[in-house]
Amino acid sequence: MSTLKITKKHHRHLNNPFPSTPTSLPFIQGNLFINSQTLPPNQNSPLGKDFQLLWSTQSGGYLSISHLSHPSKSLWSTIPGQAFISAAMAETEVEESRGSFAIKDRDVHLVCDHQSIENIILINQFDDFQLDYLDLDHLKTNSKFADSPVLIITGHIFSKRTKKWLQSSSIYRSASARYWVLFDQKENNQIGFKVKIGQPKFQLHHHPKASPSTSLGRYRRLRRKLRRQRKWKLGWCWFLTRTKGLSINSSSEEELGESNVVETALEFNRVCLTYASERNERFFGFGEQFSHMDFKGKRVPIFVQEQGIGRGDQPITFAANLVSYRAGGDWSTTYAPSPFYMTSKMRSLYLEGYNYSVFDLTQHDRVQLQIHGNAMQGRILHGNSPLEIIEHFTEAIGRPPELPEWVISGAVVGMQGGTETVRRVWDKLRTFKVPISAFWLQDWVGQRETFIGSQLWWNWEVDVTRYPGWQQLVKDLSKHYIKVMTYCNPCLALMDEKPNKRRNLFEEAKELDILVKDDRGEPYMVPNTAFDVGMLDLTHPLTANWFKQILQEMVDDGVRGWMADFGEGLPVDAVLYSGEDPIAAHNRYPELWAQINREFVEEWKSHCTGKEREDPQEDLVFFMRAGFRDSPKWGMLFWEGDQMVSWQANDGIKSSVVALLSSGLSGYAFNHSDIGGYCTMNLPFIRYCRTEELLLRWMELNAFTIVFRTHEVSQSPS
C-alpha cells in the first residue's frame, strides 16, 4: 500500500463536465480526558509578556488564550470536554492536469480522535528544564522574548474503540500516540503554536480461535507496506522519547483473547487542530479568493493552482471541463491562496510552513484545521480592528515596497504586434492626449502558430524579426517618459524550430542541470497549452543568478518592468535539487519565483550610478499572479490572472472585485486586474466576447485600483 497516488490527466480530451468534489477527511470529533492527579482544577498562566492562557476543568476542561490588554476577550479557545488535537493516517490521491489539481483523501486507515491532557508545563528558565523529548533551543533566537514563559501541553491521542484491521484477519486494534503542544510569544501581538504527534502505538488483540502467529504475520506484512510512506520534513526540530503509550480496551481480555502491544515506525500524515467559533462569526481572507468574502460554512483548501476557466459560471465551466480535465475550476481554486484568516470577532490565525492544509468551517460552533503531515505550526494574532490585524500579520510575513511613481501615473497599454504597430498605436493615443505610463509588450519574444492560435516563444530574449529596432523604440518612448514592459515566466520551451534565436535558454538550463527533474532524472517536460516546457528548479543554487543575468540583459536594453507570469504549476511528483517534498514545495514555488525577481530589482538598484540611481523614473517593477502566504514580502505588484470577458460572479468582472478585497485583507497591498477581462470563447453555442460596455465598466473599476493596465483578449477557437 502506498500513501500517495498521483494521476495525470493532461491528455484526456473528453472529460466529465461536472467533476465531483474531491473526497476529504471528515470532520473529526472526540472527547477530552484530563488527569486530575497532575492537572490543577483552574490555572491562569502567562504566555510571554503580553498574553495569558486560562485552563479550567469546568464542563470537561478547556483552554483559552487572551491578550493582557483585553483579558476578557478570548483570541483562541477550545471546546469544553472536546478533543482539540487529533490525527489520522490516510492515503492521498492527487489528480493533475495542466496546472489544475484535485487533492483527495482516500482510504483512512487510522483515526485517533480522543485526547487526554496529562501535563501543562510552564517553562521560565530553559537551562533548568530537561529537554528529553522537545528541543527548545530555537525559542532563544528571538532575544526579545527569550526569557518569557513558554507553555507546553502534553498527553495522548487515541482511538477509544477497538476496530477490526483486516477483513480477512482476526486482528483487532486500538491505537495511541503521544502529542506535544507548545505556545510561545513571537511578537507583541502574536502567539506562536506548534503541534507535534509522535509515532502511533498499536494494541493488537486476537480472538482465541485465531492463530496468533498467523495474525501477527498479516500485521507484519501490512507494516512493511506502510513503511513505504513518504517522510515529512520539519522546519523545526523535535526529539521524542520512547513513550509508554496508552491502551484502552473496550472488552475484557477473556473476550478478545491474546493481546500484543506493537511499536511501529509509522507516522501520522494528518494532524487536526479543533477550536471554538461562534455561530454568527464571519471568516475573511484566505489569500486571493474570487467567489466569496465570508467563508463560514465552507471547507477552504489551501493549494496554489490555476484558478480555472469559469469557476462554476455556466456554460463556460461545462465546456472547459469537457475538453480539459477540471480546467473549469470551482469556487475554491485560486492562483494565490494563503493559510490566514481574520474574523468579524477580531480573531485571526495563520499557519506557517507549506504543506497542503484545509480550513474546515462547516460547523457552526467550531473550526478544524487539517494539515497533511505529522506536525502543525502557526500563529494566533491579536488586534482590535481589521487594520491592526493586517498590520500585525504583515509585520511577520513582510510587505511590498512602494511602487515607482511612473507605473501609477498613467495607463499601462498592453498590446502586441511588433515595432510598427506599437508606433502606430502610440501616435493615435497621443492624438487623444492619453496619459501613458508604459507599453507592455508581451510578444517581445516573438510568436508562433499552434493549433490553438498564436502563442509566445518562451525563450526570454527579444525577437528582432518581430521587433526590429527594439533598442531605438525603447529610447524613443523613454524620451517621452514612457516605459517599456515585457514578459517572462519560470518555464522554457524547446527552441529547435525557432529560426532567429540568439540563445537557446532551454538547452542552457539543461546543460547547467537547473531544470526540475522527473523520477528518471531527466528534465520534467510539463504539458502547457499546445506545447511542453521545462521548469526552472528554483531550489538549485545556480538558478537564481542565471535567471538574473537574463533579466539584466532585458534591463540593459532599457526595459523597466515585466510580468513575471506563472509559478503555480510545479508537478507534485517533481524531483527537486533540495530533495524536499514536491507537494509542499509546490506552494513555496511562487514565493521563490517572486524572490528571484525581487532580489534582482534590489541588486540592480544598488549597483546603479548617476541618473539611474537618483531618478525614481528609472526604478524597476514586476507583477505576478501566483503567490502564497509570504508573497507580499517578495512581490512588488500582483494581478488577478485570467478572468472571463463576462459580467458573471465567479470568473467575470464581479469576481475581480471580490479578489481585490480578499487579497487586500490577506496582505496583498497592491493588486489589479486586466481591464475588460482576458479569456474569450467563440463557439456556435458558447460565446464570450468582450463588449464595449463591459470594457468601459471595467475601466471605471480599475480607475480605483493601484495600476490601470489594459490587455488584449485571448485567442480562442472559432
# chains A, B, ... in the order shown; residues from 1 in each chain; ligands from 1
>>> residues_around(residues="Cys608 (chain A)", least_positions_apart="5", cutoff="12 Å", atoms="only C-alpha atoms", output="MDAnalysis selection string")
chainID A and resid 555:556 601:603 613:616 618:620
>>> write_last_selection(atoms="all heavy atoms", output="short mmCIF file (atom, residue, chain, number, x, y, z; two decimals), in the first residue's frame")
data_model
loop_
_atom_site.label_atom_id
_atom_site.label_comp_id
_atom_site.auth_asym_id
_atom_site.auth_seq_id
_atom_site.Cartn_x
_atom_site.Cartn_y
_atom_site.Cartn_z
N VAL A 555 16.97 44.49 -18.99
CA VAL A 555 17.01 45.84 -18.42
C VAL A 555 18.08 46.69 -19.11
O VAL A 555 17.92 47.91 -19.28
CB VAL A 555 17.23 45.75 -16.90
CG1 VAL A 555 17.51 47.13 -16.31
CG2 VAL A 555 16.02 45.12 -16.23
N ASP A 556 19.18 46.08 -19.54
CA ASP A 556 20.23 46.82 -20.24
C ASP A 556 19.71 47.46 -21.53
O ASP A 556 20.24 48.48 -21.98
CB ASP A 556 21.41 45.90 -20.56
CG ASP A 556 22.24 45.56 -19.32
OD1 ASP A 556 22.08 46.27 -18.30
OD2 ASP A 556 23.02 44.59 -19.38
N VAL A 601 15.72 43.20 -8.66
CA VAL A 601 15.35 44.61 -8.61
C VAL A 601 16.21 45.35 -7.59
O VAL A 601 16.74 46.44 -7.87
CB VAL A 601 13.85 44.77 -8.28
CG1 VAL A 601 13.51 46.23 -7.97
CG2 VAL A 601 13.00 44.26 -9.44
N GLU A 602 16.36 44.77 -6.41
CA GLU A 602 17.13 45.42 -5.35
C GLU A 602 18.62 45.48 -5.71
O GLU A 602 19.29 46.49 -5.47
CB GLU A 602 16.94 44.68 -4.02
CG GLU A 602 15.49 44.61 -3.54
CD GLU A 602 14.89 45.99 -3.29
OE1 GLU A 602 15.64 46.92 -2.92
OE2 GLU A 602 13.66 46.14 -3.48
N GLU A 603 19.14 44.40 -6.27
CA GLU A 603 20.56 44.37 -6.64
C GLU A 603 20.85 45.35 -7.77
O GLU A 603 21.88 46.03 -7.77
CB GLU A 603 20.96 42.95 -7.04
CG GLU A 603 20.94 41.96 -5.87
CD GLU A 603 20.99 40.51 -6.31
OE1 GLU A 603 21.12 40.28 -7.55
OE2 GLU A 603 20.87 39.61 -5.46
N ARG A 613 20.47 55.89 -10.53
CA ARG A 613 20.36 55.69 -9.09
C ARG A 613 19.47 56.74 -8.45
O ARG A 613 18.71 56.45 -7.52
CB ARG A 613 21.75 55.71 -8.45
CG ARG A 613 21.72 55.37 -6.96
CD ARG A 613 23.13 55.30 -6.40
NE ARG A 613 23.14 54.91 -5.02
CZ ARG A 613 23.14 53.64 -4.60
NH1 ARG A 613 23.15 52.66 -5.49
NH2 ARG A 613 23.14 53.35 -3.32
N GLU A 614 19.52 57.97 -8.92
CA GLU A 614 18.80 59.08 -8.29
C GLU A 614 17.41 59.28 -8.84
O GLU A 614 16.53 59.80 -8.14
CB GLU A 614 19.62 60.37 -8.45
CG GLU A 614 21.03 60.29 -7.89
CD GLU A 614 21.06 60.02 -6.39
OE1 GLU A 614 20.09 60.46 -5.71
OE2 GLU A 614 22.01 59.39 -5.91
N ASP A 615 17.18 58.91 -10.08
CA ASP A 615 15.90 59.21 -10.74
C ASP A 615 14.88 58.10 -10.46
O ASP A 615 15.05 56.97 -10.91
CB ASP A 615 16.12 59.35 -12.25
CG ASP A 615 14.88 59.84 -12.96
OD1 ASP A 615 13.84 60.02 -12.29
OD2 ASP A 615 14.94 60.02 -14.19
N PRO A 616 13.79 58.41 -9.72
CA PRO A 616 12.78 57.37 -9.47
C PRO A 616 12.08 56.91 -10.74
O PRO A 616 11.45 55.85 -10.75
CB PRO A 616 11.80 58.07 -8.51
CG PRO A 616 12.00 59.54 -8.75
CD PRO A 616 13.45 59.69 -9.10
N GLU A 618 13.48 55.77 -13.17
CA GLU A 618 14.25 54.63 -13.69
C GLU A 618 14.05 53.37 -12.86
O GLU A 618 14.63 52.33 -13.17
CB GLU A 618 15.74 54.99 -13.73
CG GLU A 618 16.08 56.09 -14.71
CD GLU A 618 15.75 55.70 -16.14
OE1 GLU A 618 16.00 54.54 -16.52
OE2 GLU A 618 15.23 56.56 -16.89
N ASP A 619 13.26 53.43 -11.78
CA ASP A 619 13.07 52.27 -10.92
C ASP A 619 12.35 51.14 -11.66
O ASP A 619 11.51 51.39 -12.55
CB ASP A 619 12.28 52.65 -9.67
CG ASP A 619 13.10 53.49 -8.70
OD1 ASP A 619 14.33 53.56 -8.89
OD2 ASP A 619 12.51 54.08 -7.77
N LEU A 620 12.64 49.92 -11.26
CA LEU A 620 12.05 48.73 -11.89
C LEU A 620 10.81 48.27 -11.14
O LEU A 620 10.64 48.55 -9.95
CB LEU A 620 13.07 47.59 -11.91
CG LEU A 620 14.43 47.87 -12.54
CD1 LEU A 620 15.30 46.62 -12.48
CD2 LEU A 620 14.28 48.35 -13.98
#
>>> residues_around(residues="region 691-694 of chain A", least_positions_apart="6", cutoff="9 Å", atoms="only C-alpha atoms", output="list in words")
Val645, Ser646, Trp647, Ile653, Gly676 and Gly677 of chain A
>>> residues_around(residues="Asn500 (chain A)", least_positions_apart="6", cutoff="10 Å", atoms="only C-alpha atoms", output="PyMOL selection string")
chain A and resi 446+463-465
>>> write_last_selection(atoms="N, CA and C atoms", output="short mmCIF file (atom, residue, chain, number, x, y, z; two decimals), in the first residue's frame")
data_model
loop_
_atom_site.label_atom_id
_atom_site.label_comp_id
_atom_site.auth_asym_id
_atom_site.auth_seq_id
_atom_site.Cartn_x
_atom_site.Cartn_y
_atom_site.Cartn_z
N GLY A 446 8.59 37.19 -29.59
CA GLY A 446 8.14 36.60 -30.84
C GLY A 446 6.96 35.67 -30.64
N ASP A 463 12.84 39.22 -29.92
CA ASP A 463 12.78 38.70 -31.27
C ASP A 463 12.93 39.88 -32.23
N VAL A 464 14.11 39.98 -32.84
CA VAL A 464 14.41 41.15 -33.66
C VAL A 464 13.66 41.14 -34.99
N THR A 465 13.10 39.99 -35.35
CA THR A 465 12.27 39.96 -36.55
C THR A 465 10.92 40.63 -36.28
#
>>> residues_around(residues="Ile309 (chain A)", least_positions_apart="6", cutoff="9 Å", atoms="only C-alpha atoms", output="list in words")
Ile316, Thr317, Ala320, Asn321, Ala327, Gly328, Gly329, Asp330, Asp642, Gln643, Met644, Asp651 and Cys679 of chain A
>>> residues_around(residues="region 300-302 of chain A", least_positions_apart="2", cutoff="6 Å", atoms="only C-alpha atoms", output="list in words")
Pro337, Ser357, Val358 and Phe359 of chain A
>>> write_last_selection(atoms="C-alpha atoms", output="PDB file, in the first residue's frame")
ATOM      1  CA  PRO A 337      -4.234  31.237  -1.542  1.00  0.00           C
ATOM      2  CA  SER A 357      -3.966  22.331   4.518  1.00  0.00           C
ATOM      3  CA  VAL A 358      -7.722  22.664   4.799  1.00  0.00           C
ATOM      4  CA  PHE A 359      -9.689  25.086   6.970  1.00  0.00           C
TER       5      PHE A 359
END
>>> residues_around(residues="Leu477 (chain A)", least_positions_apart="6", cutoff="12 Å", atoms="only C-alpha atoms", output="PyMOL selection string")
chain A and resi 419+422-423+426-427+430+436-440+470-471+483-485+558-560
>>> write_last_selection(atoms="N, CA, C and O atoms", output="mmCIF file, in the first residue's frame")
data_model
loop_
_atom_site.group_PDB
_atom_site.id
_atom_site.type_symbol
_atom_site.label_atom_id
_atom_site.label_comp_id
_atom_site.auth_asym_id
_atom_site.auth_seq_id
_atom_site.Cartn_x
_atom_site.Cartn_y
_atom_site.Cartn_z
ATOM 1 N N THR A 419 7.128 46.351 -33.821
ATOM 2 C CA THR A 419 7.586 47.732 -33.691
ATOM 3 C C THR A 419 6.651 48.728 -34.363
ATOM 4 O O THR A 419 6.231 49.722 -33.756
ATOM 5 N N VAL A 422 3.295 49.205 -32.591
ATOM 6 C CA VAL A 422 3.420 49.999 -31.364
ATOM 7 C C VAL A 422 3.502 51.487 -31.710
ATOM 8 O O VAL A 422 2.822 52.328 -31.092
ATOM 9 N N ARG A 423 4.306 51.821 -32.678
ATOM 10 C CA ARG A 423 4.447 53.237 -33.041
ATOM 11 C C ARG A 423 3.119 53.801 -33.569
ATOM 12 O O ARG A 423 2.767 54.952 -33.274
ATOM 13 N N TRP A 426 0.823 54.284 -30.583
ATOM 14 C CA TRP A 426 1.335 55.407 -29.796
ATOM 15 C C TRP A 426 0.912 56.739 -30.431
ATOM 16 O O TRP A 426 0.444 57.654 -29.734
ATOM 17 N N ASP A 427 1.047 56.857 -31.721
ATOM 18 C CA ASP A 427 0.643 58.088 -32.402
ATOM 19 C C ASP A 427 -0.845 58.370 -32.200
ATOM 20 O O ASP A 427 -1.255 59.518 -31.977
ATOM 21 N N ARG A 430 -1.502 59.578 -28.659
ATOM 22 C CA ARG A 430 -1.049 60.962 -28.476
ATOM 23 C C ARG A 430 -2.057 61.941 -29.060
ATOM 24 O O ARG A 430 -2.251 63.044 -28.520
ATOM 25 N N ILE A 436 0.122 58.070 -20.740
ATOM 26 C CA ILE A 436 0.643 56.705 -20.844
ATOM 27 C C ILE A 436 1.834 56.547 -19.902
ATOM 28 O O ILE A 436 2.777 57.343 -19.933
ATOM 29 N N SER A 437 1.773 55.510 -19.073
ATOM 30 C CA SER A 437 2.915 55.156 -18.224
ATOM 31 C C SER A 437 3.885 54.250 -18.954
ATOM 32 O O SER A 437 5.101 54.411 -18.845
ATOM 33 N N ALA A 438 3.333 53.267 -19.664
ATOM 34 C CA ALA A 438 4.197 52.264 -20.294
ATOM 35 C C ALA A 438 3.437 51.528 -21.376
ATOM 36 O O ALA A 438 2.199 51.486 -21.389
ATOM 37 N N PHE A 439 4.198 50.948 -22.291
ATOM 38 C CA PHE A 439 3.676 49.943 -23.214
ATOM 39 C C PHE A 439 4.154 48.580 -22.707
ATOM 40 O O PHE A 439 5.370 48.356 -22.554
ATOM 41 N N TRP A 440 3.178 47.715 -22.425
ATOM 42 C CA TRP A 440 3.512 46.354 -22.002
ATOM 43 C C TRP A 440 3.413 45.458 -23.228
ATOM 44 O O TRP A 440 2.336 45.223 -23.760
ATOM 45 N N TRP A 470 14.531 47.434 -31.839
ATOM 46 C CA TRP A 470 13.998 47.332 -30.468
ATOM 47 C C TRP A 470 14.578 48.401 -29.549
ATOM 48 O O TRP A 470 13.830 49.123 -28.859
ATOM 49 N N GLN A 471 15.878 48.517 -29.520
ATOM 50 C CA GLN A 471 16.509 49.467 -28.612
ATOM 51 C C GLN A 471 16.129 50.906 -28.956
ATOM 52 O O GLN A 471 15.939 51.733 -28.060
ATOM 53 N N LYS A 483 7.637 54.063 -20.376
ATOM 54 C CA LYS A 483 8.485 52.892 -20.182
ATOM 55 C C LYS A 483 8.025 51.733 -21.074
ATOM 56 O O LYS A 483 6.882 51.706 -21.544
ATOM 57 N N VAL A 484 8.922 50.782 -21.231
ATOM 58 C CA VAL A 484 8.593 49.533 -21.916
ATOM 59 C C VAL A 484 8.622 48.410 -20.892
ATOM 60 O O VAL A 484 9.579 48.287 -20.112
ATOM 61 N N MET A 485 7.559 47.614 -20.895
ATOM 62 C CA MET A 485 7.462 46.451 -20.010
ATOM 63 C C MET A 485 7.344 45.196 -20.878
ATOM 64 O O MET A 485 6.786 45.242 -21.985
ATOM 65 N N GLY A 558 16.913 48.844 -21.716
ATOM 66 C CA GLY A 558 16.045 49.948 -21.323
ATOM 67 C C GLY A 558 14.698 49.537 -20.768
ATOM 68 O O GLY A 558 13.892 50.398 -20.388
ATOM 69 N N VAL A 559 14.402 48.251 -20.733
ATOM 70 C CA VAL A 559 13.144 47.769 -20.171
ATOM 71 C C VAL A 559 13.112 48.091 -18.677
ATOM 72 O O VAL A 559 14.104 47.920 -17.970
ATOM 73 N N ARG A 560 11.941 48.540 -18.172
ATOM 74 C CA ARG A 560 11.836 48.931 -16.768
ATOM 75 C C ARG A 560 10.741 48.185 -16.022
ATOM 76 O O ARG A 560 10.443 48.522 -14.868
#
>>> residues_around(residues="Pro523 (chain A)", least_positions_apart="2", cutoff="9 Å", atoms="only C-alpha atoms", output="PDB file with N, CA, C and O atoms, in the first residue's frame")
ATOM      1  N   LYS A 510      19.363  23.163 -19.299  1.00  0.00           N
ATOM      2  CA  LYS A 510      19.569  21.723 -19.248  1.00  0.00           C
ATOM      3  C   LYS A 510      21.049  21.399 -19.022  1.00  0.00           C
ATOM      4  O   LYS A 510      21.390  20.506 -18.235  1.00  0.00           O
ATOM      5  N   ASP A 513      21.990  21.890 -15.569  1.00  0.00           N
ATOM      6  CA  ASP A 513      21.281  20.963 -14.687  1.00  0.00           C
ATOM      7  C   ASP A 513      20.396  21.696 -13.683  1.00  0.00           C
ATOM      8  O   ASP A 513      20.287  21.303 -12.521  1.00  0.00           O
ATOM      9  N   ILE A 514      19.734  22.777 -14.138  1.00  0.00           N
ATOM     10  CA  ILE A 514      18.906  23.569 -13.235  1.00  0.00           C
ATOM     11  C   ILE A 514      17.418  23.473 -13.595  1.00  0.00           C
ATOM     12  O   ILE A 514      16.624  24.330 -13.202  1.00  0.00           O
ATOM     13  N   LEU A 515      17.039  22.428 -14.317  1.00  0.00           N
ATOM     14  CA  LEU A 515      15.631  22.189 -14.605  1.00  0.00           C
ATOM     15  C   LEU A 515      15.064  21.162 -13.627  1.00  0.00           C
ATOM     16  O   LEU A 515      15.781  20.262 -13.161  1.00  0.00           O
ATOM     17  N   VAL A 516      13.798  21.320 -13.296  1.00  0.00           N
ATOM     18  CA  VAL A 516      13.101  20.327 -12.486  1.00  0.00           C
ATOM     19  C   VAL A 516      13.177  18.974 -13.180  1.00  0.00           C
ATOM     20  O   VAL A 516      13.054  18.895 -14.406  1.00  0.00           O
ATOM     21  N   LYS A 517      13.362  17.913 -12.412  1.00  0.00           N
ATOM     22  CA  LYS A 517      13.548  16.576 -12.981  1.00  0.00           C
ATOM     23  C   LYS A 517      12.346  15.685 -12.696  1.00  0.00           C
ATOM     24  O   LYS A 517      11.584  15.904 -11.758  1.00  0.00           O
ATOM     25  N   ASP A 518      12.220  14.649 -13.545  1.00  0.00           N
ATOM     26  CA  ASP A 518      11.235  13.608 -13.279  1.00  0.00           C
ATOM     27  C   ASP A 518      11.894  12.485 -12.497  1.00  0.00           C
ATOM     28  O   ASP A 518      13.077  12.576 -12.116  1.00  0.00           O
ATOM     29  N   ARG A 520      13.059   9.803 -13.411  1.00  0.00           N
ATOM     30  CA  ARG A 520      14.156   9.146 -14.125  1.00  0.00           C
ATOM     31  C   ARG A 520      15.404  10.002 -14.170  1.00  0.00           C
ATOM     32  O   ARG A 520      16.401   9.617 -14.764  1.00  0.00           O
ATOM     33  N   GLY A 521      15.330  11.202 -13.577  1.00  0.00           N
ATOM     34  CA  GLY A 521      16.467  12.103 -13.577  1.00  0.00           C
ATOM     35  C   GLY A 521      16.577  12.963 -14.814  1.00  0.00           C
ATOM     36  O   GLY A 521      17.582  13.658 -15.011  1.00  0.00           O
ATOM     37  N   MET A 525       9.233  17.467 -18.512  1.00  0.00           N
ATOM     38  CA  MET A 525       8.539  18.231 -19.544  1.00  0.00           C
ATOM     39  C   MET A 525       7.071  18.363 -19.142  1.00  0.00           C
ATOM     40  O   MET A 525       6.309  17.397 -19.164  1.00  0.00           O
ATOM     41  N   GLY A 534      10.041  22.962 -19.944  1.00  0.00           N
ATOM     42  CA  GLY A 534      10.834  22.636 -18.773  1.00  0.00           C
ATOM     43  C   GLY A 534      10.689  23.742 -17.745  1.00  0.00           C
ATOM     44  O   GLY A 534      10.602  24.921 -18.093  1.00  0.00           O
ATOM     45  N   MET A 535      10.671  23.366 -16.471  1.00  0.00           N
ATOM     46  CA  MET A 535      10.535  24.347 -15.388  1.00  0.00           C
ATOM     47  C   MET A 535      11.863  24.516 -14.679  1.00  0.00           C
ATOM     48  O   MET A 535      12.582  23.536 -14.416  1.00  0.00           O
TER      49      MET A 535
END
>>> select_by_dssp(residues="region 455-505 of chain A", states="strand (DSSP E)", output="ChimeraX atom specification")
/A:455-456,483-488,491-493
>>> closest_residue(among="A:Met699, A:Ala564, A:Ala88, A:Ala375", to="Arg625 (chain A)", atoms="only C-alpha atoms")
A:Ala564
>>> closest_atom_pairs(of="region 19-91 of chain A", to="region 3-12 of chain A", cutoff="9 Å", atoms="only C-alpha atoms", output="CSV")
residue,atom,partner,partner_atom,distance
A:Met89,CA,A:Thr3,CA,8.8
A:Ala90,CA,A:Thr3,CA,6.8
A:Glu91,CA,A:Thr3,CA,4.3
>>> closest_residue(among="A:Phe284, A:Trp76, A:Phe506, A:Tyr678", to="Ser338 (chain A)", atoms="only C-alpha atoms")
A:Phe284
>>> select_by_dssp(residues="region 580-620 of chain A", states="alpha helix (DSSP H)", output="VMD selection string")
chain A and resid 582 to 607 611 to 614
>>> atom_distance(atom1="CA of Gly198 (chain A)", atom2="CA of Lys160 (chain A)")
17.5 Å
>>> closest_atom_pairs(of="region 541-581 of chain A", to="region 631-635 of chain A", cutoff="12 Å", atoms="only C-alpha atoms", output="CSV")
residue,atom,partner,partner_atom,distance
A:Met563,CA,A:Gly635,CA,11.2
A:Ala564,CA,A:Gly635,CA,9.7
A:Asp565,CA,A:Gly635,CA,11.8
A:Gly567,CA,A:Ser631,CA,11.6
>>> atom_distance(atom1="CA of Ala659 (chain A)", atom2="CA of Phe623 (chain A)")
15.9 Å
>>> closest_atom_pairs(of="region 364-456 of chain A", to="region 96-108 of chain A", cutoff="12 Å", atoms="only C-alpha atoms", output="Markdown table")
| residue | atom | partner | partner_atom | distance |
| --- | --- | --- | --- | --- |
| A:Gln370 | CA | A:Asp105 | CA | 11.5 |
| A:Ile371 | CA | A:Asp105 | CA | 11.7 |
| A:His372 | CA | A:Asp105 | CA | 10.0 |
>>> closest_residue(among="A:Leu696, A:Leu473, A:Ala177, A:Val657", to="His292 (chain A)", atoms="only C-alpha atoms")
A:Val657
>>> closest_residue(among="A:Leu695, A:Ser77, A:Trp457, A:Arg690", to="Pro499 (chain A)", atoms="only C-alpha atoms")
A:Trp457
